[in-house]
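Novice: If it helps, the file is called coords.txt and holds compact mmCIF, C-alpha atoms:
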```txt
# COMPACT_ATOMS: atom_id res chain seq x y z
CA MET A 108 56.39 67.68 63.27
CA THR A 109 58.74 65.68 61.08
CA ASP A 110 59.75 66.19 57.45
CA ASP A 111 59.15 62.52 56.68
CA ALA A 112 55.90 60.83 55.88
CA TYR A 113 55.28 57.56 57.70
CA LEU A 114 54.20 54.11 56.69
CA PHE A 115 52.42 52.31 59.49
CA LEU A 116 50.31 49.26 60.15
CA ALA A 117 46.74 50.13 61.10
CA ASP A 118 44.98 48.46 63.99
CA ASP A 119 42.56 45.69 63.19
CA VAL A 120 39.93 47.35 65.35
CA PRO A 121 37.70 49.47 63.07
CA SER A 122 36.34 51.51 65.99
CA SER A 123 39.76 52.88 66.86
CA GLY A 124 39.10 56.00 64.78
CA TRP A 125 41.46 57.60 62.31
CA GLN A 126 43.61 55.05 60.51
CA GLY A 127 45.54 57.00 57.86
CA THR A 128 45.41 56.45 54.11
CA PRO A 129 45.71 52.94 52.67
CA VAL A 130 48.87 52.77 50.55
CA SER A 131 46.94 50.78 47.95
CA LEU A 132 44.90 53.92 47.17
CA THR A 133 47.84 56.28 46.67
CA GLY A 134 49.32 54.76 43.54
CA GLU A 135 52.96 53.77 43.25
CA LEU A 136 55.29 55.32 45.85
CA GLU A 137 59.02 55.18 45.06
CA CYS A 138 59.91 54.41 48.67
CA LEU A 139 58.11 51.04 48.44
CA GLN A 140 60.94 49.78 46.21
CA THR A 141 63.77 50.68 48.61
CA PRO A 142 65.58 47.89 50.45
CA ALA A 143 64.72 49.43 53.85
CA VAL A 144 60.97 49.50 53.18
CA ARG A 145 60.97 46.05 51.60
CA ALA A 146 62.81 44.65 54.64
CA TRP A 147 60.35 46.39 57.00
CA LEU A 148 57.39 44.95 55.10
CA ASP A 149 58.97 41.49 55.13
CA ALA A 150 59.67 41.74 58.87
CA HIS A 151 55.97 42.45 59.45
CA GLN A 152 54.89 39.75 56.98
CA THR A 153 52.94 42.18 54.82
CA ASP A 154 53.20 43.88 51.44
CA ALA A 155 52.19 47.13 49.74
CA ALA A 156 48.79 45.71 48.77
CA SER A 157 47.82 44.98 52.37
CA PRO A 158 44.79 46.95 53.60
CA ALA A 159 46.59 47.39 56.94
CA LEU A 160 49.50 49.32 55.38
CA ARG A 161 48.82 53.05 55.68
CA VAL A 162 50.69 56.25 54.90
CA VAL A 163 50.42 59.71 56.43
CA PRO A 164 51.97 63.04 55.42
CA PRO A 165 54.45 64.67 57.83
CA GLU A 166 51.85 66.97 59.40
CA GLU A 167 49.64 64.03 60.40
CA THR A 168 52.25 61.72 61.98
CA GLY A 169 51.21 62.77 65.49
CA MET A 170 47.87 61.06 64.90
CA ILE A 171 49.38 57.58 64.49
CA SER A 172 48.49 55.48 67.53
CA ASP A 173 51.39 55.02 69.93
CA GLY A 174 51.59 51.25 69.58
CA ALA A 175 51.49 51.15 65.78
CA GLU A 176 54.47 49.76 63.90
CA ARG A 177 55.80 52.68 61.84
CA LEU A 178 58.59 53.62 59.45
CA PRO A 179 59.60 57.12 58.29
CA VAL A 180 59.77 57.40 54.50
CA PRO A 181 60.68 60.24 52.15
CA LEU A 182 58.07 61.12 49.53
CA THR A 183 58.49 63.30 46.47
CA GLU A 184 56.39 66.48 46.37
CA GLU A 185 54.09 64.84 43.81
CA GLU A 186 53.68 61.74 45.96
CA LEU A 187 53.04 63.83 49.06
CA GLU A 188 50.33 65.83 47.31
CA ARG A 189 48.78 62.61 46.03
CA VAL A 190 48.70 61.16 49.56
CA ARG A 191 47.03 64.33 50.83
CA ARG A 192 44.43 64.31 48.05
CA VAL A 193 43.55 60.65 48.49
CA ALA A 194 43.13 61.23 52.22
CA ALA A 195 40.78 64.14 51.66
CA THR A 196 37.07 63.52 51.35
CA ASP A 197 35.22 65.01 48.39
CA GLN A 198 33.98 67.80 50.65
CA VAL A 199 37.48 68.55 51.91
CA ALA A 200 38.92 68.50 48.39
CA ALA A 201 36.28 70.99 47.24
CA VAL A 202 37.03 73.32 50.15
CA GLU A 203 40.77 73.04 49.47
CA LYS A 204 40.12 74.13 45.88
CA GLU A 205 38.15 77.14 47.15
CA LEU A 206 40.94 78.05 49.56
CA LEU A 207 43.47 78.03 46.74
CA SER A 208 41.32 80.40 44.70
CA TYR A 209 40.78 82.60 47.79
CA ARG A 210 44.42 83.72 47.64
CA ASP A 211 43.38 86.22 44.96
CA SER A 212 40.28 87.53 46.74
CA GLU A 213 39.10 88.51 50.21
CA GLU A 214 35.40 88.30 49.42
CA GLY A 215 33.63 85.87 51.76
CA ARG A 216 36.85 85.23 53.70
CA ASP A 217 35.30 84.47 57.10
CA ALA A 218 32.61 82.20 55.68
CA LEU A 219 35.19 80.24 53.70
CA LEU A 220 37.48 79.86 56.72
CA HIS A 221 34.56 78.59 58.82
CA LYS A 222 33.56 76.22 56.01
CA ALA A 223 37.10 74.83 55.82
CA LEU A 224 37.24 74.24 59.57
CA ALA A 225 33.79 72.63 59.55
CA ALA A 226 34.90 70.31 56.72
CA GLY A 227 37.71 69.06 58.94
CA LEU A 228 40.72 70.72 57.30
CA PRO A 229 43.55 71.14 59.81
CA ALA A 230 44.46 74.77 60.54
CA HIS A 231 47.96 74.40 59.08
CA ARG A 232 46.49 73.23 55.77
CA ILE A 233 44.02 76.15 55.65
CA VAL A 234 46.91 78.58 56.21
CA GLU A 235 49.00 76.84 53.54
CA LEU A 236 46.24 76.93 50.93
CA SER A 237 44.72 80.34 51.63
CA GLY A 238 47.76 82.30 52.69
CA VAL A 239 45.92 83.80 55.69
CA ASP A 240 47.71 84.63 58.91
CA PRO A 241 47.18 81.75 61.37
CA ALA A 242 45.96 84.28 63.95
CA ALA A 243 43.13 85.24 61.55
CA LEU A 244 41.58 81.75 61.70
CA PRO A 245 38.32 81.54 63.64
CA THR A 246 38.07 78.97 66.38
CA ALA A 247 37.04 75.50 65.25
CA PRO A 248 33.29 74.85 65.24
CA ARG A 249 31.90 72.69 68.03
CA SER A 250 30.03 69.56 67.00
```
Rewrite the structure of this file - the entire thing - as structure tokens.
Specialist:
Amino acid sequence: MTDDAYLFLADDVPSSGWQGTPVSLTGELECLQTPAVRAWLDAHQTDAASPALRVVPPEETGMISDGAERLPVPLTEEELERVRRVAATDQVAAVEKELLSYRDSEEGRDALLHKALAAGLPAHRIVELSGVDPAALPTAPRS
């Protein structure tokens, strides 16, 4: 895992699965104004409004397809949280909220952990939000 988020250009093929978060949905990111990012965008003949330009938080960079053009970028904590929230579906955002409130209670712990996994939250995010020991996580549900 890296400490940097990444900008990357998504594939044109919609069936290729996960494609990151469109930068246009995240609001203004400071890194988009840096000379390095502007030069990278120019080199790829695109801009921040392009639907192909995506951003991923550090914990998701391993999911970028191998052939994708990518650039590491630093994000502020506020920007990083915004990227994560935009990427989350309504269901995931609701479960994340429950996990945050779980820190103060153990009631319904197993059910909530299963719900979080079923909603698609990565294990590291569940641990971060709930404060549970990673070894206490149940195995991911099979679909």
Novice: Neighbours of A:Ala156 within 10 Å (only C-alpha atoms; same-chain residues fewer than 5 positions away dropped), as a list in words?
Specialist: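 Listed by chain and then number, they are Pro129, Val130, Ser131 and Leu132 of chain A.
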Novice: Have a look at atom CA of A:Arg210 and atom CA of A:Leu187 and let me know their distance in Å, one decimal.
Specialist: 21.7 Å
Novice: Skip A:Glu185 itself and residues of its chain fewer than 2 positions away, then list as a ChimeraX atom specification all residues within 12 Å of it, counting only C-alpha atoms.
Specialist: /A:133-137,164,181-183,187-192
Novice: To one decimal in Å, tell me the separation between atom CA of A:Ala218 and atom CA of A:Glu167.
Specialist: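 Here the two named atoms are 25.3 Å from each other.
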Novice: In Å to one decimal, how far is atom CA of A:Pro179 from atom CA of A:Ala223?
Specialist: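 Separation of atom CA of A:Ala223 and atom CA of A:Pro179: 28.7 Å.
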Novice: When distances are computed from only C-alpha atoms, which of A:Ala195, A:Ala143, A:Ala226, A:Ala159 shows the smallest separation from A:Ala175?
Specialist: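 Nearest candidate to A:Ala175 out of A:Ala195, A:Ala143, A:Ala226, A:Ala159: A:Ala159.
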Novice: Which is closer to A:Ser208 than all the others in A:Pro142, A:Pro158, A:Gly238, A:Gly127, using all atoms listed in the file?
Specialist: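 Result for the nearest residue to A:Ser208: A:Gly238.
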Novice: Give the answer as one residue: which of A:His151, A:Arg161, A:His221, A:Arg232 has the shortest atom-to-atom distance to A:Leu244, using all atoms listed in the file?
Specialist: A:His221
Novice: Which is closer to A:Leu228 than all the others in A:Gly169, A:Cys138, A:Ala194, A:Leu178, using only C-alpha atoms?
Specialist: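 Looking only at the distances to A:Leu228, the closest residue turns out to be A:Ala194.
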Novice: Go through A:Thr128, A:Phe115, A:Gln152, A:Trp147 one by one, measure the shortest atom-to-atom distance of each to A:Ser172 using all atoms listed in the file, and give the residue with the smallest value.
Specialist: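 Looking at the shortest contact to A:Ser172, the residue is A:Phe115.
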Novice: So that I can check the surroundings of A:Thr246, please list as a list in words every protein, DNA and RNA residue that reaches within 12 Å of it, counting all atoms listed in the file and ignoring chain neighbours fewer than 5 positions away.
Specialist: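 Result of the neighbour search: Asp217, Leu220, His221, Lys222, Ala223, Leu224, Ala225, Pro229, Ala230 and Pro241 of chain A.
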Novice: Calculated over only C-alpha atoms, which of the candidates A:Arg177, A:Arg145, A:Arg216, A:His231 has the smallest distance to A:Val163?
Specialist: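 Using only C-alpha atoms, the shortest distance to A:Val163 belongs to A:Arg177.
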